[in-house]
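Student: Provided herewith is a single structure, encoded as structure tokens, for subsequent inquiry.
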Amino acid sequence: MPPVAEPAPLPVAQARAGDAEAWRVLFRRYQLPLYAYLYELVRHEQTCLDLVQDTFIRAVRHISGLREDAKFGSWLFGIAHQQCLQHWRKSGREELLGDDLPDVVAEDDGPDEILIRSEQAAAVRALLARLPIPQRSVLVLYFLEDFSIEDIARVTGAPAGTVKSRLHHAKRALKKLVKEQP
Amino acid sequence: MNQTPKDILLEQHQAMAAKLDRVSEGVLAAELGRRDLTTHKNLAGAMAQKLWLELIWPSRRAWAGLAAVWVVLAVVHFAGSRYSSQSSVNPQIIAANWREQEQLFAELLSEHSTILAKPQAPAAPPPPLGTSALWPTEEKTACA
């Protein structure tokens with residue numbers, strides 16, 4: 001098996017020092033996953049662009065509050081999640097955040113273990129759209145950034161047990177879909 | 001061909017890359033430009049603080065004394081200038097004073113010339129050394 005090159009560490013310290021090039025690298029790395037995450041929650045192109053912009057502005061202004069440079073990704077997604085909640089509060093859609101699922105023990109498989117055939121992609125997107133937003137949120141974070149349960153809990157502000165439960169139900173639904181689809 | 005869920009999630013938004021680049025660049029220009037201004041303000045503040053701590057504060061008593069002297073000098077200066085501006089004398093009074101001074105001077109001169117004009121009596125010769133004042137000079141000559 002060929003050795004896998006480790007990804008270069010993100011220039012978070014340089015960004016904290018106000019290095020514009022470092023910020024550019026960070027933004028390029030996260031802009032599309034952030035947009036994809038927000039799109040799964042909001043499903044409106046211009047609103048998502050606005051939320052990405054607000055997220056980046058807040059990140060630049062509050063980078064001094066980030067304690068661990070390695071957690072930059074989950075910190076940034078946490079800001080985006082908060083921006084999304086604010087957007088929903090303004091439009092009176094806070095009820096979208098609630099779900100009522102029993103706690104379960106999460107399965108220990110990685111996000112890449114679920115492989116989807118190209119012809120199933122549309123069905124997967126449709127499934128995501130049908131999932132309640134809290135489950136959709138944890139599943140998308142899990143798939144996009146391979147965040148741990150703790151990271152997802154930090155991003156969404158939900159307890160780790162709740163995140164486990166939501167992720168379990170979302171993954172089970174996805175696997176069922178992949179198996180059932182011809 | 002198989003795809004991961006991440007591929008599926010990202011591929012549908014690839015067309016947004018250009019717009020997201022513009023958003024990122026806009027944020028960088030706005031926020032980091034603003035931060036530069038703030039940094040400049042902070043720099044000026046830091047320099048002022050350093051100046052205060054290193055130059056003024058260690059010699060604060062000397063600076064306070066100097067400031068007190070300056071205040072006293074300023075008060076004296078302004079009080080003096082106010083007095084002089086208030087006591088700016090009328091030119092007529094100056095002219096009257098001048099005439100009075102001239103008159104006094106003229107009187108003094110005339111008195112002096114009168115004194116000089118009077119004949120002066122010859123001064124008595126000084127007594128010889130060792131002679132008593134009790135014995136007049138004529139008597140001493142006659143005896144001889």
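By convention in this document, the chains of the structure tokens carry letters A, B, ... by their order, each chain's residues are numbered from 1, and ligands are numbered from 1 in the order they are shown.
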Quick one: which chain A residues come within 10 Å of chain B, and what is the nearest atom pair for each with the distance in Å to one decimal, counting only C-alpha atoms, rows ordered by chain and ascending number, as a Markdown table?
Tutor:
```
| residue | atom | partner | partner_atom | distance |
| --- | --- | --- | --- | --- |
| A:Gly18 | CA | B:Leu32 | CA | 7.1 |
| A:Asp19 | CA | B:Leu32 | CA | 8.5 |
| A:Ala20 | CA | B:Leu28 | CA | 6.8 |
| A:Glu21 | CA | B:Leu28 | CA | 9.3 |
| A:Trp23 | CA | B:Leu28 | CA | 7.5 |
| A:Arg24 | CA | B:Ser24 | CA | 7.3 |
| A:Leu26 | CA | B:Ser24 | CA | 9.7 |
| A:Phe27 | CA | B:Ser24 | CA | 6.3 |
| A:Arg28 | CA | B:Asp21 | CA | 7.4 |
| A:Gln31 | CA | B:Leu20 | CA | 6.4 |
| A:Leu32 | CA | B:Ala17 | CA | 6.9 |
| A:Pro33 | CA | B:Leu10 | CA | 6.8 |
| A:Leu34 | CA | B:Leu10 | CA | 9.8 |
| A:Tyr35 | CA | B:His13 | CA | 7.9 |
| A:Ala36 | CA | B:Leu10 | CA | 6.2 |
| A:Tyr37 | CA | B:Leu9 | CA | 8.4 |
| A:Tyr39 | CA | B:His13 | CA | 9.1 |
| A:Glu40 | CA | B:Leu9 | CA | 8.8 |
| A:Glu45 | CA | B:Met16 | CA | 9.0 |
| A:Leu49 | CA | B:Leu20 | CA | 7.2 |
| A:Asp50 | CA | B:Val23 | CA | 8.5 |
| A:Val52 | CA | B:Val23 | CA | 7.9 |
| A:Gln53 | CA | B:Val23 | CA | 6.0 |
| A:Asp54 | CA | B:Val27 | CA | 8.7 |
| A:Thr55 | CA | B:Val27 | CA | 9.8 |
| A:Phe56 | CA | B:Val27 | CA | 6.8 |
| A:Ile57 | CA | B:Val27 | CA | 6.1 |
| A:Arg58 | CA | B:Glu31 | CA | 9.6 |
| A:Val60 | CA | B:Glu31 | CA | 7.0 |
| A:Arg61 | CA | B:Glu31 | CA | 7.7 |
| A:Pro111 | CA | B:Pro5 | CA | 7.5 |
| A:Asp112 | CA | B:Thr4 | CA | 5.6 |
| A:Glu113 | CA | B:Thr4 | CA | 7.9 |
| A:Ile114 | CA | B:Thr4 | CA | 6.6 |
| A:Leu115 | CA | B:Thr4 | CA | 5.1 |
| A:Ile116 | CA | B:Gln3 | CA | 5.1 |
| A:Arg117 | CA | B:Asn2 | CA | 4.4 |
| A:Ser118 | CA | B:Asn2 | CA | 5.9 |
| A:Glu119 | CA | B:Met1 | CA | 8.7 |
| A:Gln120 | CA | B:Asn2 | CA | 9.3 |
| A:Ala121 | CA | B:Ile8 | CA | 6.2 |
| A:Ala122 | CA | B:Ile8 | CA | 8.6 |
| A:Val124 | CA | B:Pro5 | CA | 8.2 |
| A:Arg125 | CA | B:Leu9 | CA | 7.7 |
| A:Leu128 | CA | B:Leu9 | CA | 9.8 |
| A:Leu139 | CA | B:Pro5 | CA | 9.6 |
| A:Val140 | CA | B:Leu9 | CA | 8.0 |
| A:Leu141 | CA | B:Lys6 | CA | 9.5 |
| A:Tyr142 | CA | B:Lys6 | CA | 9.0 |
| A:Phe143 | CA | B:Lys6 | CA | 5.4 |
| A:Leu144 | CA | B:Lys6 | CA | 5.0 |
| A:Glu145 | CA | B:Lys6 | CA | 8.2 |
| A:Asp146 | CA | B:Lys6 | CA | 9.3 |
| A:Leu174 | CA | B:Pro5 | CA | 9.9 |
```
Student: Restricting the output to N, CA and C atoms, write the selected residues as a compact mmCIF listing (two decimals), in the first residue's frame.
Tutor:
```txt
# COMPACT_ATOMS: atom_id res chain seq x y z
N GLY A 18 -3.04 37.78 11.40
CA GLY A 18 -3.54 38.75 10.42
C GLY A 18 -2.98 38.56 9.03
N ASP A 19 -2.42 37.39 8.75
CA ASP A 19 -1.84 37.12 7.43
C ASP A 19 -2.97 36.86 6.43
N ALA A 20 -3.10 37.73 5.45
CA ALA A 20 -4.20 37.62 4.48
C ALA A 20 -4.08 36.34 3.65
N GLU A 21 -2.87 35.96 3.30
CA GLU A 21 -2.68 34.76 2.49
C GLU A 21 -3.12 33.51 3.27
N TRP A 23 -5.44 33.45 5.55
CA TRP A 23 -6.91 33.45 5.54
C TRP A 23 -7.44 32.96 4.20
N ARG A 24 -6.75 33.35 3.13
CA ARG A 24 -7.18 32.92 1.80
C ARG A 24 -7.13 31.38 1.71
N LEU A 26 -7.33 29.25 4.17
CA LEU A 26 -8.39 28.68 5.02
C LEU A 26 -9.77 28.81 4.36
N PHE A 27 -10.01 29.97 3.79
CA PHE A 27 -11.31 30.18 3.14
C PHE A 27 -11.48 29.21 1.95
N ARG A 28 -10.41 29.08 1.15
CA ARG A 28 -10.48 28.18 -0.01
C ARG A 28 -10.75 26.74 0.45
N GLN A 31 -14.68 26.94 2.06
CA GLN A 31 -15.84 27.65 1.52
C GLN A 31 -16.88 26.70 0.89
N LEU A 32 -16.42 25.71 0.14
CA LEU A 32 -17.38 24.82 -0.52
C LEU A 32 -18.06 23.87 0.49
N PRO A 33 -17.30 23.22 1.40
CA PRO A 33 -17.99 22.39 2.41
C PRO A 33 -18.97 23.20 3.27
N LEU A 34 -18.58 24.43 3.61
CA LEU A 34 -19.49 25.27 4.40
C LEU A 34 -20.76 25.55 3.62
N TYR A 35 -20.56 25.90 2.36
CA TYR A 35 -21.73 26.19 1.53
C TYR A 35 -22.62 24.96 1.41
N ALA A 36 -21.98 23.80 1.20
CA ALA A 36 -22.75 22.56 1.06
C ALA A 36 -23.53 22.26 2.34
N TYR A 37 -22.89 22.47 3.48
CA TYR A 37 -23.56 22.23 4.76
C TYR A 37 -24.75 23.17 4.92
N TYR A 39 -26.32 24.75 2.64
CA TYR A 39 -27.35 24.50 1.63
C TYR A 39 -28.27 23.35 2.06
N GLU A 40 -27.69 22.35 2.70
CA GLU A 40 -28.51 21.23 3.16
C GLU A 40 -29.50 21.69 4.25
N GLU A 45 -29.93 29.50 -2.40
CA GLU A 45 -28.57 29.84 -2.83
C GLU A 45 -28.07 31.16 -2.25
N LEU A 49 -25.02 31.94 0.48
CA LEU A 49 -23.85 32.80 0.21
C LEU A 49 -23.72 33.87 1.31
N ASP A 50 -24.85 34.44 1.69
CA ASP A 50 -24.83 35.45 2.76
C ASP A 50 -24.33 34.85 4.07
N VAL A 52 -22.40 32.19 4.43
CA VAL A 52 -20.95 31.91 4.32
C VAL A 52 -20.17 33.21 4.56
N GLN A 53 -20.65 34.28 3.97
CA GLN A 53 -19.96 35.57 4.16
C GLN A 53 -19.96 35.97 5.63
N ASP A 54 -21.12 35.88 6.27
CA ASP A 54 -21.21 36.24 7.70
C ASP A 54 -20.31 35.35 8.54
N THR A 55 -20.25 34.08 8.16
CA THR A 55 -19.39 33.13 8.90
C THR A 55 -17.92 33.55 8.79
N PHE A 56 -17.49 33.89 7.59
CA PHE A 56 -16.09 34.29 7.39
C PHE A 56 -15.78 35.60 8.15
N ILE A 57 -16.73 36.52 8.11
CA ILE A 57 -16.51 37.80 8.82
C ILE A 57 -16.33 37.54 10.31
N ARG A 58 -17.23 36.71 10.84
CA ARG A 58 -17.12 36.40 12.28
C ARG A 58 -15.83 35.66 12.59
N VAL A 60 -12.91 35.94 11.08
CA VAL A 60 -11.78 36.89 11.09
C VAL A 60 -11.81 37.72 12.38
N ARG A 61 -13.01 38.12 12.76
CA ARG A 61 -13.12 39.01 13.94
C ARG A 61 -12.86 38.28 15.26
N PRO A 111 -17.15 7.61 7.47
CA PRO A 111 -18.08 8.17 6.48
C PRO A 111 -17.86 7.63 5.08
N ASP A 112 -16.63 7.17 4.80
CA ASP A 112 -16.35 6.68 3.46
C ASP A 112 -16.75 5.22 3.28
N GLU A 113 -17.23 4.58 4.34
CA GLU A 113 -17.61 3.18 4.23
C GLU A 113 -18.92 3.01 3.49
N ILE A 114 -19.69 4.08 3.45
CA ILE A 114 -20.92 4.01 2.67
C ILE A 114 -20.57 4.50 1.26
N LEU A 115 -20.55 3.62 0.35
CA LEU A 115 -20.26 4.00 -1.03
C LEU A 115 -21.55 3.98 -1.83
N ILE A 116 -21.69 4.97 -2.64
CA ILE A 116 -22.95 5.14 -3.35
C ILE A 116 -22.65 5.15 -4.85
N ARG A 117 -23.44 4.41 -5.57
CA ARG A 117 -23.24 4.40 -7.02
C ARG A 117 -23.73 5.73 -7.59
N SER A 118 -23.10 6.13 -8.69
CA SER A 118 -23.43 7.44 -9.28
C SER A 118 -24.92 7.58 -9.53
N GLU A 119 -25.52 6.50 -9.97
CA GLU A 119 -26.96 6.58 -10.29
C GLU A 119 -27.82 6.70 -9.03
N GLN A 120 -27.21 6.46 -7.87
CA GLN A 120 -27.96 6.60 -6.62
C GLN A 120 -27.84 8.01 -6.03
N ALA A 121 -26.97 8.84 -6.60
CA ALA A 121 -26.67 10.15 -6.01
C ALA A 121 -27.94 11.00 -5.83
N ALA A 122 -28.76 11.00 -6.86
CA ALA A 122 -29.97 11.82 -6.79
C ALA A 122 -30.88 11.32 -5.66
N VAL A 124 -29.94 9.78 -2.97
CA VAL A 124 -29.33 10.14 -1.68
C VAL A 124 -29.64 11.60 -1.34
N ARG A 125 -29.51 12.46 -2.34
CA ARG A 125 -29.83 13.88 -2.10
C ARG A 125 -31.31 14.03 -1.70
N LEU A 128 -31.65 12.91 1.88
CA LEU A 128 -31.16 13.96 2.80
C LEU A 128 -32.23 15.04 2.98
N LEU A 139 -25.50 14.34 9.94
CA LEU A 139 -25.04 13.44 8.88
C LEU A 139 -24.14 14.18 7.87
N VAL A 140 -24.54 15.38 7.51
CA VAL A 140 -23.75 16.16 6.55
C VAL A 140 -22.40 16.55 7.15
N LEU A 141 -22.39 16.93 8.41
CA LEU A 141 -21.11 17.26 9.07
C LEU A 141 -20.21 16.02 9.12
N TYR A 142 -20.83 14.89 9.38
CA TYR A 142 -20.08 13.63 9.48
C TYR A 142 -19.48 13.26 8.12
N PHE A 143 -20.27 13.44 7.08
CA PHE A 143 -19.78 13.08 5.75
C PHE A 143 -18.78 14.10 5.20
N LEU A 144 -19.10 15.37 5.38
CA LEU A 144 -18.27 16.41 4.75
C LEU A 144 -16.88 16.50 5.36
N GLU A 145 -16.82 16.50 6.68
CA GLU A 145 -15.54 16.79 7.33
C GLU A 145 -15.04 15.64 8.20
N ASP A 146 -15.77 14.55 8.24
CA ASP A 146 -15.36 13.41 9.06
C ASP A 146 -15.16 13.84 10.53
N LEU A 174 -29.90 5.98 5.48
CA LEU A 174 -29.12 6.07 4.26
C LEU A 174 -28.72 4.68 3.76
```
Student: Quick one: of A:Lys179, A:Glu150, A:Ile63, A:Thr156, who's nearest to Gln83 in chain A, counting only C-alpha atoms?
Tutor: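 Of A:Lys179, A:Glu150, A:Ile63, A:Thr156, the one nearest Gln83 in chain A, counting only C-alpha atoms, is A:Thr156.
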Student: Considering only alpha helix (DSSP H) as DSSP defines it on the backbone, what residues of range 4-159 of chain A qualify? List them as a VMD selection string.
Tutor: chain A and resid 12 to 16 20 to 42 45 to 62 72 to 90 121 to 130 133 to 145 149 to 156
